[in-house]
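What follows is target-v2.csv (CSV, C-alpha atoms and all ligand atoms).
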```csv
chain,number,residue,atom,x,y,z
V,1,MET,CA,-20.5,175.1,-2.5
V,2,ASP,CA,-17.9,172.5,-3.4
V,3,ARG,CA,-16.1,172.2,-6.7
V,4,GLN,CA,-18.5,169.6,-8.0
V,5,GLU,CA,-21.6,171.7,-7.3
V,6,ALA,CA,-19.8,174.8,-8.7
V,7,ALA,CA,-19.2,172.9,-12.0
V,8,ARG,CA,-22.8,171.9,-12.2
V,9,ARG,CA,-24.1,175.4,-11.4
V,10,ALA,CA,-21.6,176.9,-14.0
V,11,GLN,CA,-22.9,174.5,-16.7
V,12,SER,CA,-26.5,175.3,-15.9
V,13,LEU,CA,-25.7,179.1,-16.0
V,14,ARG,CA,-23.9,178.7,-19.4
V,15,GLU,CA,-26.8,176.9,-20.9
V,16,GLN,CA,-29.3,179.5,-19.6
V,17,ILE,CA,-27.2,182.5,-20.8
V,18,GLU,CA,-26.6,180.9,-24.2
V,19,GLU,CA,-30.4,180.4,-24.6
V,20,HIS,CA,-31.1,184.0,-23.6
V,21,ASN,CA,-28.4,185.2,-26.0
V,22,TYR,CA,-30.1,183.2,-28.8
V,23,ARG,CA,-33.5,184.6,-28.0
V,24,TYR,CA,-32.3,188.2,-27.6
V,25,PHE,CA,-29.7,188.5,-30.4
V,26,VAL,CA,-30.9,185.9,-33.0
V,27,LEU,CA,-34.7,185.8,-32.5
V,28,ASP,CA,-35.0,189.4,-31.2
V,29,ASP,CA,-37.5,187.9,-28.7
V,30,PRO,CA,-36.0,188.0,-25.1
V,31,ILE,CA,-38.0,186.3,-22.3
V,32,ILE,CA,-36.2,187.8,-19.3
V,33,SER,CA,-35.2,191.4,-18.4
V,34,ASP,CA,-31.7,192.8,-18.9
V,35,THR,CA,-31.4,193.0,-15.1
V,36,GLU,CA,-32.1,189.3,-14.7
V,37,TYR,CA,-29.7,188.5,-17.6
V,38,ASP,CA,-26.9,190.5,-15.9
V,39,ARG,CA,-27.5,188.7,-12.6
V,40,LEU,CA,-27.0,185.3,-14.3
V,41,MET,CA,-23.9,186.6,-16.1
V,42,GLN,CA,-22.5,188.1,-12.8
V,43,GLU,CA,-23.0,184.8,-11.0
V,44,LEU,CA,-21.1,182.9,-13.8
V,45,ILE,CA,-18.3,185.4,-13.8
V,46,ARG,CA,-17.9,185.1,-10.0
V,47,LEU,CA,-17.9,181.2,-10.2
V,48,GLU,CA,-15.3,181.3,-12.9
V,49,GLU,CA,-13.1,183.7,-10.8
V,50,GLN,CA,-13.5,181.3,-7.9
V,51,TYR,CA,-12.8,178.1,-10.0
V,52,PRO,CA,-10.7,179.2,-13.0
V,53,GLU,CA,-10.9,175.7,-14.6
V,54,LEU,CA,-14.6,176.6,-15.3
V,55,LYS,CA,-13.5,179.5,-17.6
V,56,THR,CA,-13.7,177.5,-20.9
V,57,PRO,CA,-13.3,179.3,-24.3
V,58,ASP,CA,-16.9,178.6,-25.2
V,59,SER,CA,-18.2,180.2,-22.0
V,60,PRO,CA,-20.4,183.3,-22.7
V,61,THR,CA,-18.2,185.3,-20.4
V,62,GLN,CA,-15.3,184.8,-22.9
V,63,ARG,CA,-16.8,186.9,-25.8
V,64,VAL,CA,-14.4,189.8,-25.6
V,65,GLY,CA,-11.0,188.0,-26.1
V,66,GLY,CA,-7.6,188.7,-24.6
V,67,GLU,CA,-4.8,191.1,-25.5
V,68,PRO,CA,-4.5,192.9,-28.8
V,69,LEU,CA,-2.9,190.8,-31.6
V,70,PRO,CA,0.4,191.9,-33.2
V,71,PHE,CA,-1.0,190.9,-36.6
V,72,PHE,CA,-3.7,188.7,-38.2
V,73,GLU,CA,-2.7,185.1,-39.1
V,74,LYS,CA,-3.5,183.9,-42.6
V,75,VAL,CA,-6.2,181.2,-43.1
V,76,GLU,CA,-6.5,179.0,-46.2
V,77,HIS,CA,-10.2,178.4,-47.1
V,78,ARG,CA,-10.7,174.6,-47.5
V,79,VAL,CA,-13.5,175.5,-49.9
V,80,PRO,CA,-12.9,178.7,-51.9
V,81,MET,CA,-15.2,181.7,-51.1
V,82,LEU,CA,-16.5,182.5,-54.6
V,83,SER,CA,-17.5,185.9,-55.9
V,84,LEU,CA,-20.8,186.6,-57.5
V,85,GLY,CA,-21.5,187.6,-61.1
V,86,ASN,CA,-23.7,190.7,-61.5
V,87,ALA,CA,-27.0,191.4,-63.2
V,88,PHE,CA,-28.2,195.0,-63.7
V,89,ASN,CA,-31.6,194.7,-65.4
V,90,GLU,CA,-34.4,192.2,-66.3
V,91,GLU,CA,-32.6,191.2,-69.5
V,92,ASP,CA,-29.6,190.1,-67.5
V,93,LEU,CA,-31.8,188.0,-65.3
V,94,ARG,CA,-33.6,186.4,-68.2
V,95,GLU,CA,-30.2,185.5,-69.7
V,96,PHE,CA,-29.2,183.9,-66.4
V,97,ASP,CA,-32.4,181.9,-66.3
V,98,GLU,CA,-32.1,180.8,-69.9
V,99,ARG,CA,-28.4,179.8,-69.5
V,100,THR,CA,-29.2,177.9,-66.3
V,101,LYS,CA,-32.0,175.9,-68.0
V,102,ARG,CA,-29.8,175.2,-71.1
V,103,MET,CA,-26.7,174.1,-69.2
V,104,GLY,CA,-28.8,172.3,-66.5
V,105,GLY,CA,-30.8,170.4,-69.1
V,106,VAL,CA,-34.1,171.5,-67.4
V,107,ASP,CA,-37.1,173.6,-68.5
V,108,GLN,CA,-38.0,174.7,-64.9
V,109,VAL,CA,-35.7,176.0,-62.2
V,110,ARG,CA,-36.5,176.7,-58.5
V,111,TYR,CA,-34.5,179.7,-57.1
V,112,VAL,CA,-33.9,181.1,-53.7
V,113,CYS,CA,-34.0,184.9,-53.5
V,114,GLU,CA,-32.0,186.5,-50.6
V,115,LEU,CA,-31.3,190.1,-49.7
V,116,LYS,CA,-27.7,191.0,-50.5
V,117,ILE,CA,-26.3,192.3,-47.2
V,118,ASP,CA,-23.8,195.1,-47.7
V,119,GLY,CA,-21.1,194.0,-45.2
V,120,LEU,CA,-18.0,191.8,-45.0
V,121,ALA,CA,-18.1,188.2,-46.2
V,122,VAL,CA,-16.8,185.9,-43.5
V,123,SER,CA,-16.3,182.2,-42.9
V,124,LEU,CA,-17.0,180.6,-39.5
V,125,ARG,CA,-15.7,177.2,-38.5
V,126,TYR,CA,-17.4,175.1,-35.8
V,127,GLU,CA,-15.9,171.8,-34.6
V,128,ASN,CA,-18.2,169.5,-32.6
V,129,GLY,CA,-20.5,172.5,-32.3
V,130,VAL,CA,-17.9,174.9,-30.8
V,131,PHE,CA,-16.8,178.1,-32.7
V,132,VAL,CA,-13.1,177.6,-33.3
V,133,GLN,CA,-12.2,180.0,-36.1
V,134,GLY,CA,-13.5,182.9,-38.2
V,135,ALA,CA,-11.9,184.4,-41.2
V,136,THR,CA,-12.4,187.2,-43.8
V,137,ARG,CA,-13.0,186.2,-47.5
V,138,GLY,CA,-9.6,187.8,-48.5
V,139,ASP,CA,-9.0,186.8,-52.2
V,140,GLY,CA,-11.3,183.8,-51.9
V,141,GLN,CA,-8.5,181.3,-51.2
V,142,THR,CA,-6.7,183.0,-48.4
V,143,GLY,CA,-8.3,185.2,-45.7
V,144,GLU,CA,-7.3,186.7,-42.3
V,145,ASP,CA,-8.0,185.1,-39.0
V,146,ILE,CA,-10.4,187.5,-37.2
V,147,THR,CA,-11.8,185.0,-34.7
V,148,GLN,CA,-11.3,187.3,-31.7
V,149,ASN,CA,-13.3,190.1,-33.3
V,150,LEU,CA,-16.1,187.8,-34.6
V,151,ARG,CA,-16.5,186.4,-31.1
V,152,THR,CA,-17.7,189.8,-30.0
V,153,ILE,CA,-20.8,189.6,-32.3
V,154,ARG,CA,-23.6,188.7,-29.9
V,155,SER,CA,-25.7,187.0,-32.5
V,156,LEU,CA,-22.9,184.6,-33.4
V,157,PRO,CA,-23.3,181.5,-31.1
V,158,LEU,CA,-20.0,180.3,-29.5
V,159,ARG,CA,-21.6,176.9,-29.4
V,160,LEU,CA,-24.2,175.4,-31.9
V,161,ARG,CA,-27.4,173.7,-30.7
V,162,GLU,CA,-26.0,170.4,-32.1
V,163,PRO,CA,-22.3,169.2,-31.9
V,164,VAL,CA,-21.7,169.3,-35.7
V,165,THR,CA,-18.4,170.2,-37.5
V,166,VAL,CA,-19.3,172.6,-40.3
V,167,GLU,CA,-17.9,175.8,-42.0
V,168,VAL,CA,-20.6,178.4,-42.6
V,169,ARG,CA,-20.4,181.5,-44.7
V,170,GLY,CA,-22.2,184.8,-44.1
V,171,GLU,CA,-22.0,188.6,-44.0
V,172,ALA,CA,-20.9,190.5,-40.9
V,173,PHE,CA,-22.5,194.0,-41.0
V,174,MET,CA,-23.2,197.1,-39.0
V,175,PRO,CA,-26.8,198.1,-38.6
V,176,LYS,CA,-27.7,201.6,-39.9
V,177,ARG,CA,-28.6,202.8,-36.3
V,178,GLU,CA,-25.2,201.8,-35.0
V,179,PHE,CA,-23.5,203.4,-38.0
V,180,ARG,CA,-25.2,206.7,-37.2
V,181,ARG,CA,-24.3,206.4,-33.4
V,182,ILE,CA,-20.6,205.7,-34.2
V,183,ASN,CA,-20.3,208.5,-36.8
V,184,GLU,CA,-22.0,211.0,-34.3
V,185,GLU,CA,-19.3,209.9,-31.7
V,186,LYS,CA,-16.5,210.4,-34.3
V,187,GLU,CA,-18.0,213.8,-35.2
V,188,ARG,CA,-17.9,214.9,-31.5
V,189,ARG,CA,-14.2,213.7,-31.3
V,190,GLY,CA,-13.3,215.5,-34.6
V,191,GLU,CA,-12.3,212.1,-36.0
V,192,PRO,CA,-12.8,211.2,-39.8
V,193,LEU,CA,-16.2,209.6,-40.3
V,194,PHE,CA,-16.9,206.2,-41.9
V,195,ALA,CA,-18.3,206.6,-45.4
V,196,ASN,CA,-20.9,203.8,-45.1
V,197,PRO,CA,-21.9,200.9,-42.8
V,198,ARG,CA,-19.8,198.5,-44.9
V,199,ASN,CA,-16.6,200.4,-44.3
V,200,ALA,CA,-17.5,200.7,-40.6
V,201,ALA,CA,-18.0,197.0,-40.3
V,202,ALA,CA,-14.8,196.1,-42.2
V,203,GLY,CA,-12.9,198.7,-40.2
V,204,SER,CA,-14.2,197.3,-36.9
V,205,LEU,CA,-13.4,193.7,-37.8
V,206,ARG,CA,-9.8,194.6,-38.8
V,207,GLN,CA,-9.0,196.1,-35.4
V,208,LEU,CA,-6.1,194.1,-33.7
V,209,ASP,CA,-7.6,194.9,-30.3
V,210,PRO,CA,-10.9,192.9,-29.8
V,211,LYS,CA,-12.1,195.4,-27.2
V,212,LEU,CA,-12.6,198.0,-30.1
V,213,ALA,CA,-14.7,195.5,-32.1
V,214,ALA,CA,-16.6,194.7,-28.8
V,215,ASP,CA,-17.6,198.4,-28.5
V,216,ARG,CA,-19.4,198.2,-31.8
V,217,ALA,CA,-22.7,196.4,-32.1
V,218,LEU,CA,-22.0,194.4,-35.2
V,219,ASP,CA,-24.3,191.7,-36.5
V,220,ILE,CA,-24.2,188.8,-38.9
V,221,PHE,CA,-26.5,186.8,-41.3
V,222,LEU,CA,-25.4,183.3,-42.4
V,223,TYR,CA,-26.2,182.3,-46.0
V,224,GLY,CA,-24.2,179.3,-47.0
V,225,VAL,CA,-21.9,176.3,-46.2
V,226,GLY,CA,-18.2,175.8,-46.9
V,227,ALA,CA,-16.4,172.6,-45.9
V,228,VAL,CA,-18.9,170.1,-44.5
V,229,ASP,CA,-19.5,166.3,-44.5
V,230,GLU,CA,-21.8,166.1,-47.5
V,231,ALA,CA,-24.0,163.6,-45.6
V,232,LEU,CA,-25.1,166.4,-43.3
V,233,LEU,CA,-26.4,168.5,-46.2
V,234,PRO,CA,-30.0,168.4,-47.3
V,235,PRO,CA,-30.8,168.3,-51.1
V,236,THR,CA,-31.7,172.0,-51.4
V,237,HIS,CA,-30.5,175.5,-50.4
V,238,THR,CA,-33.9,176.2,-48.8
V,239,GLU,CA,-33.5,173.3,-46.4
V,240,THR,CA,-29.8,174.2,-45.8
V,241,LEU,CA,-30.8,177.6,-44.6
V,242,GLU,CA,-33.5,176.0,-42.3
V,243,TRP,CA,-30.8,173.7,-41.0
V,244,LEU,CA,-28.4,176.6,-40.2
V,245,SER,CA,-31.3,178.3,-38.4
V,246,ARG,CA,-32.0,175.2,-36.3
V,247,LEU,CA,-28.3,175.1,-35.3
V,248,GLY,CA,-28.8,178.5,-33.7
V,249,LEU,CA,-27.2,180.6,-36.5
V,250,LYS,CA,-28.8,183.8,-37.6
V,251,VAL,CA,-30.3,183.5,-41.1
V,252,ASN,CA,-32.1,186.4,-42.8
V,253,PRO,CA,-35.9,185.8,-42.7
V,254,GLN,CA,-36.5,188.1,-45.7
V,255,ARG,CA,-35.9,185.3,-48.3
V,256,ARG,CA,-38.2,183.6,-50.8
V,257,THR,CA,-38.1,180.3,-52.7
V,258,VAL,CA,-39.7,180.7,-56.2
V,259,ASP,CA,-40.3,178.7,-59.3
V,260,SER,CA,-39.8,181.2,-62.1
V,261,ILE,CA,-37.6,184.2,-63.0
V,262,GLU,CA,-40.8,186.3,-63.1
V,263,GLU,CA,-41.3,185.7,-59.4
V,264,VAL,CA,-37.6,186.6,-58.9
V,265,MET,CA,-38.2,189.9,-60.6
V,266,ALA,CA,-41.3,190.5,-58.4
V,267,PHE,CA,-39.0,189.9,-55.3
V,268,VAL,CA,-36.4,192.3,-56.7
V,269,GLU,CA,-39.0,195.1,-57.3
V,270,GLU,CA,-40.6,194.5,-53.9
V,271,TRP,CA,-37.3,195.0,-52.1
V,272,ARG,CA,-36.2,197.9,-54.3
V,273,GLU,CA,-39.1,199.7,-52.7
V,274,LYS,CA,-38.9,198.3,-49.2
V,275,ARG,CA,-35.0,198.8,-48.8
V,276,PRO,CA,-35.2,202.0,-46.8
V,277,GLU,CA,-37.3,200.3,-44.2
V,278,LEU,CA,-34.5,197.8,-43.3
V,279,ASP,CA,-32.2,198.6,-40.4
V,280,TYR,CA,-29.2,197.4,-42.5
V,281,GLU,CA,-27.9,198.2,-45.9
V,282,ILE,CA,-28.4,195.9,-48.9
V,283,ASP,CA,-26.8,196.5,-52.3
V,284,GLY,CA,-29.0,194.1,-54.2
V,285,ILE,CA,-30.6,190.6,-54.3
V,286,VAL,CA,-28.8,187.3,-54.6
V,287,ILE,CA,-30.5,184.7,-56.7
V,288,LYS,CA,-29.4,181.1,-56.2
V,289,VAL,CA,-30.4,177.8,-57.8
V,290,ASP,CA,-32.2,175.8,-55.0
V,291,ASP,CA,-31.3,172.3,-56.0
V,292,LEU,CA,-27.8,171.3,-54.9
V,293,ALA,CA,-27.5,168.5,-57.5
V,294,LEU,CA,-28.3,171.0,-60.3
V,295,ARG,CA,-25.6,173.4,-58.8
V,296,GLU,CA,-23.1,170.6,-59.2
V,297,ARG,CA,-24.0,170.1,-62.8
V,298,LEU,CA,-23.7,173.8,-63.5
V,299,GLY,CA,-20.3,174.2,-61.8
V,300,MET,CA,-18.5,177.5,-61.8
V,301,THR,CA,-16.4,179.8,-64.0
V,302,ALA,CA,-12.9,180.9,-62.9
V,303,LYS,CA,-14.2,182.9,-59.9
V,304,SER,CA,-17.9,182.8,-59.9
V,305,PRO,CA,-20.6,180.0,-59.6
V,306,ARG,CA,-22.9,179.6,-62.6
V,307,TRP,CA,-25.7,178.8,-60.1
V,308,ALA,CA,-26.0,182.2,-58.5
V,309,ILE,CA,-26.1,185.9,-59.5
V,310,ALA,CA,-26.3,189.2,-57.8
V,311,TYR,CA,-28.9,191.7,-59.0
V,312,LYS,CA,-27.4,195.1,-58.1
V,313,PHE,CA,-29.3,198.2,-56.8
V,314,PRO,CA,-27.9,201.7,-57.3
V,315,ALA,CA,-25.9,202.9,-54.2
V,316,GLU,CA,-28.3,203.6,-51.4
V,317,GLU,CA,-26.4,206.4,-49.6
V,318,ALA,CA,-26.0,208.3,-52.9
V,319,VAL,CA,-29.0,210.4,-52.2
V,320,THR,CA,-30.6,210.9,-48.8
V,321,ILE,CA,-33.7,213.2,-48.8
V,322,LEU,CA,-33.8,214.9,-45.4
V,323,ARG,CA,-36.9,217.0,-44.8
V,324,GLY,CA,-37.2,217.6,-48.6
V,325,ILE,CA,-33.6,218.8,-49.0
V,326,GLU,CA,-31.4,216.6,-51.2
V,327,VAL,CA,-28.0,215.9,-49.7
V,328,ARG,CA,-25.2,214.0,-51.5
K,1,LIG,N1,-24.0,189.6,-49.3
K,1,LIG,C1,-24.9,188.6,-49.2
K,1,LIG,O1,-25.9,188.8,-48.5
K,1,LIG,C2,-24.6,187.4,-49.9
K,1,LIG,C3,-23.4,187.1,-50.6
K,1,LIG,N2,-23.2,186.0,-51.2
K,1,LIG,C4,-24.2,185.0,-51.2
K,1,LIG,O2,-24.0,183.8,-51.8
K,1,LIG,C5,-22.8,183.7,-52.7
K,1,LIG,C6,-21.6,183.2,-51.9
K,1,LIG,C7,-20.8,182.4,-52.9
K,1,LIG,C8,-21.8,182.0,-54.0
K,1,LIG,C9,-23.1,182.5,-53.6
K,1,LIG,N3,-25.3,185.2,-50.6
K,1,LIG,C10,-25.6,186.3,-49.9
K,1,LIG,N4,-26.8,186.5,-49.3
```

Translate this file's structure into structure tokens.
Amino acid sequence: MDRQEAARRAQSLREQIEEHNYRYFVLDDPIISDTEYDRLMQELIRLEEQYPELKTPDSPTQRVGGEPLPFFEKVEHRVPMLSLGNAFNEEDLREFDERTKRMGGVDQVRYVCELKIDGLAVSLRYENGVFVQGATRGDGQTGEDITQNLRTIRSLPLRLREPVTVEVRGEAFMPKREFRRINEEKERRGEPLFANPRNAAAGSLRQLDPKLAADRALDIFLYGVGAVDEALLPPTHTETLEWLSRLGLKVNPQRRTVDSIEEVMAFVEEWREKRPELDYEIDGIVIKVDDLALRERLGMTAKSPRWAIAYKFPAEEAVTILRGIEVR
């Protein structure tokens, strides 16, 4: 095959592999076998060895980056990554609802309820659809560039399904199953264990050698937008999450848009019960005003938005009942 045909074949393989990545890691609904997937990947790797100019940064073969970094570069967030105020009981939620109506000048507020993933807040920058940079939250203004490590998260697309320039925010996390596997491995090696999945995810993403992060099956849910051309944004958060999902980003499906604080409380109670069934840890529920224009009117305090609040659950790993024996 000549160079021209090789380039066409490589492009076709890239598109097929990206589609299978999306189906497997984002939709959890693969349509080919692992063997067939590996065959496609091996063919692309061989083509890129033969014609190195085909080995572009957004190629699915380039997930596990190069050499270990000497240190992490600093990244200034164009739009600060805010921290959430907390609510601990129904009264706190009612106060949040009353204040929102009073300051918003409305007598009815639509909220979006989301599971509060207990991981590491990160910001992903895509330019013309290509993943170009990923950073930790840091102090909200300045974070660390962990692009190489974030690339190893299989559910994070290296290229969006549309060529848009957008900064998206989300939570990188380690599923409970992977947390148990890694701690069992550390136990066998006599190494200190991770205290919880959050520390394990943070520890993995702070490795200077991307091969270490690649060995850990981290995952990510996206839940917001940072710097973006406002014209691209729909009028509500509900539609924004649907847009992120259409772009090929992984958005948590266990969310609900409701029209009263009573329905918010019902969602909180439902997930207080169902939390142990999840394969990832949550430390609460995030409640957000749906209408983006109302958010603008509400604004923010020094560090937190007035248009969102986190309802906190007690620590999950505090008590684990194993076969009727309580272990702490
Ligand atoms: N851990 C989460 O799952 C989570 C965290 N934060 C947010 O939204 C904050 C971000 C800035 C203002 C609202 N949503 C979430 N789902």

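Straight-line separation from CA of Leu160 in chain V to CA of Gln62 in chain V: 15.8 Å.
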
Residues of chain V that approach ligand LIG 1 (chain K) to 8 Å or less, counting all atoms listed in the file: could you list each one with the shortest pair of atoms and its distance in Å to one decimal, rows by chain and increasing residue number, as CSV?
```
residue,atom,partner,partner_atom,distance
V:Met81,CA,K:LIG1,C7,5.9
V:Leu82,CA,K:LIG1,C7,4.6
V:Ser83,CA,K:LIG1,C7,5.7
V:Leu84,CA,K:LIG1,C8,5.9
V:Glu114,CA,K:LIG1,N4,5.4
V:Leu115,CA,K:LIG1,O1,5.7
V:Lys116,CA,K:LIG1,O1,3.5
V:Ile117,CA,K:LIG1,O1,3.8
V:Asp118,CA,K:LIG1,N1,5.7
V:Gly119,CA,K:LIG1,N1,6.7
V:Leu120,CA,K:LIG1,N1,7.7
V:Ala121,CA,K:LIG1,N1,6.8
V:Arg169,CA,K:LIG1,C6,7.5
V:Gly170,CA,K:LIG1,C2,6.8
V:Glu171,CA,K:LIG1,N1,5.8
V:Phe221,CA,K:LIG1,O1,7.5
V:Leu222,CA,K:LIG1,N4,7.7
V:Tyr223,CA,K:LIG1,N4,5.4
V:Gly224,CA,K:LIG1,O2,6.6
V:Ile282,CA,K:LIG1,O1,7.5
V:Ile285,CA,K:LIG1,N4,7.5
V:Val286,CA,K:LIG1,N3,5.7
V:Lys288,CA,K:LIG1,C9,7.0
V:Ser304,CA,K:LIG1,C8,7.1
V:Pro305,CA,K:LIG1,C8,6.1
V:Trp307,CA,K:LIG1,C8,7.9
V:Ala308,CA,K:LIG1,C9,5.7
V:Ile309,CA,K:LIG1,C9,7.4
V:Ala310,CA,K:LIG1,N2,8.0
```

Please indicate the distance in Å from CA of Ile32 in chain V to CA of Ile45 in chain V, rounded to one decimal place. 18.9 Å

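Residues with any atom within 12 Å of Arg272 in chain V, counting all atoms listed in the file and excluding same-chain neighbours fewer than 2 positions away, are V:Leu115, V:Lys116, V:Met265, V:Ala266, V:Phe267, V:Val268, V:Glu269, V:Glu270, V:Lys274, V:Arg275, V:Pro276, V:Glu277, V:Leu278, V:Glu281, V:Ile282, V:Asp283, V:Gly284, V:Ile285, V:Tyr311, V:Lys312, V:Phe313, V:Pro314, V:Ala315, V:Glu316.
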
So which residues fall inside 6 Å of (-25.6, 181.3, -15.3) if we count all atoms listed in the file? Mind giving them as number ranges by chain? V: 13-14, 16-17, 40-41, 44

For a quick check of understanding, using only C-alpha atoms, which of V:Ile153, V:Arg181, V:Arg189, V:Leu232 has the smallest distance to Gly65 in chain V? V:Ile153

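Across V:Thr136, V:Ile220, V:Glu95, V:Glu184, the tightest approach to Ala172 in chain V is made by V:Ile220 when counting all atoms listed in the file.
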
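The closest residue to Arg110 in chain V, picked from V:Met1, V:Leu298, V:Val264, V:Ala217 and counting only C-alpha atoms, is V:Val264.
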
Could you list, as a list in words, every residue within 10 Å of Val130 in chain V, counting all atoms listed in the file and ignoring same-chain residues fewer than 3 positions away? Pro57, Asp58, Arg125, Tyr126, Glu127, Gln133, Pro157, Leu158, Arg159, Leu160, Arg161, Glu162, Pro163, Val164, Thr165 and Val166 of chain V

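The shortest atom-to-atom distance to Ala302 in chain V, with all atoms listed in the file taken into account, belongs to V:Pro80 out of V:Gly190, V:Pro80, V:Gln108, V:Met103.
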
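Among the candidates V:Arg154, V:Arg198, V:Arg78, V:Arg306, the one nearest to Val225 in chain V when counting only C-alpha atoms is V:Arg78.
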
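With distances restricted to only C-alpha atoms, V:Gly104 is the closest residue to Arg297 in chain V from V:Gly66, V:Gly140, V:Gly104, V:Pro192.
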
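In this model, the gap between CA of Arg99 in chain V and CA of Ile261 in chain V comes to 12.1 Å.
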
Using the partial input, fill out range 253-259 of chain V with all heavy atoms; write the result as a compact mmCIF listing (two decimals), in the frame of the given file.
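Listed below is the output, part32.txt:
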```
# COMPACT_ATOMS: atom_id res chain seq x y z
N PRO V 253 -34.51 186.34 -42.45
CA PRO V 253 -35.90 185.80 -42.70
C PRO V 253 -36.49 186.35 -43.99
O PRO V 253 -37.44 185.78 -44.52
CB PRO V 253 -36.65 186.29 -41.48
CG PRO V 253 -35.91 187.49 -40.97
CD PRO V 253 -34.47 187.30 -41.35
N GLN V 254 -35.92 187.47 -44.55
CA GLN V 254 -36.50 188.10 -45.70
C GLN V 254 -36.05 187.36 -47.00
O GLN V 254 -35.35 187.93 -47.82
CB GLN V 254 -36.17 189.56 -45.83
CG GLN V 254 -36.29 190.34 -44.56
CD GLN V 254 -37.72 190.41 -44.06
OE1 GLN V 254 -38.65 189.94 -44.72
NE2 GLN V 254 -37.91 190.99 -42.87
N ARG V 255 -36.36 186.06 -47.09
CA ARG V 255 -35.90 185.30 -48.30
C ARG V 255 -37.16 184.63 -48.87
O ARG V 255 -38.17 184.47 -48.18
CB ARG V 255 -34.86 184.29 -47.91
CG ARG V 255 -35.31 183.27 -46.86
CD ARG V 255 -34.17 182.40 -46.40
NE ARG V 255 -34.60 181.26 -45.61
CZ ARG V 255 -34.67 181.24 -44.29
NH1 ARG V 255 -34.36 182.32 -43.60
NH2 ARG V 255 -35.05 180.16 -43.63
N ARG V 256 -37.05 184.24 -50.17
CA ARG V 256 -38.20 183.60 -50.80
C ARG V 256 -37.77 182.56 -51.82
O ARG V 256 -36.89 182.85 -52.63
CB ARG V 256 -39.12 184.65 -51.44
CG ARG V 256 -40.45 184.11 -51.99
CD ARG V 256 -41.29 185.20 -52.65
NE ARG V 256 -41.62 186.27 -51.71
CZ ARG V 256 -42.00 187.50 -52.10
NH1 ARG V 256 -42.04 187.80 -53.37
NH2 ARG V 256 -42.29 188.41 -51.20
N THR V 257 -38.35 181.38 -51.75
CA THR V 257 -38.10 180.30 -52.70
C THR V 257 -39.16 180.39 -53.80
O THR V 257 -40.35 180.40 -53.46
CB THR V 257 -38.07 178.95 -52.03
OG1 THR V 257 -37.07 178.96 -51.01
CG2 THR V 257 -37.78 177.83 -53.03
N VAL V 258 -38.74 180.53 -55.08
CA VAL V 258 -39.70 180.70 -56.20
C VAL V 258 -39.44 179.79 -57.32
O VAL V 258 -38.36 179.19 -57.41
CB VAL V 258 -39.65 182.21 -56.67
CG1 VAL V 258 -39.96 183.19 -55.56
CG2 VAL V 258 -38.28 182.50 -57.27
N ASP V 259 -40.45 179.66 -58.22
CA ASP V 259 -40.30 178.70 -59.30
C ASP V 259 -40.22 179.31 -60.70
O ASP V 259 -40.43 178.63 -61.70
CB ASP V 259 -41.52 177.71 -59.28
CG ASP V 259 -41.34 176.72 -58.14
OD1 ASP V 259 -40.18 176.26 -57.96
OD2 ASP V 259 -42.30 176.44 -57.41
```
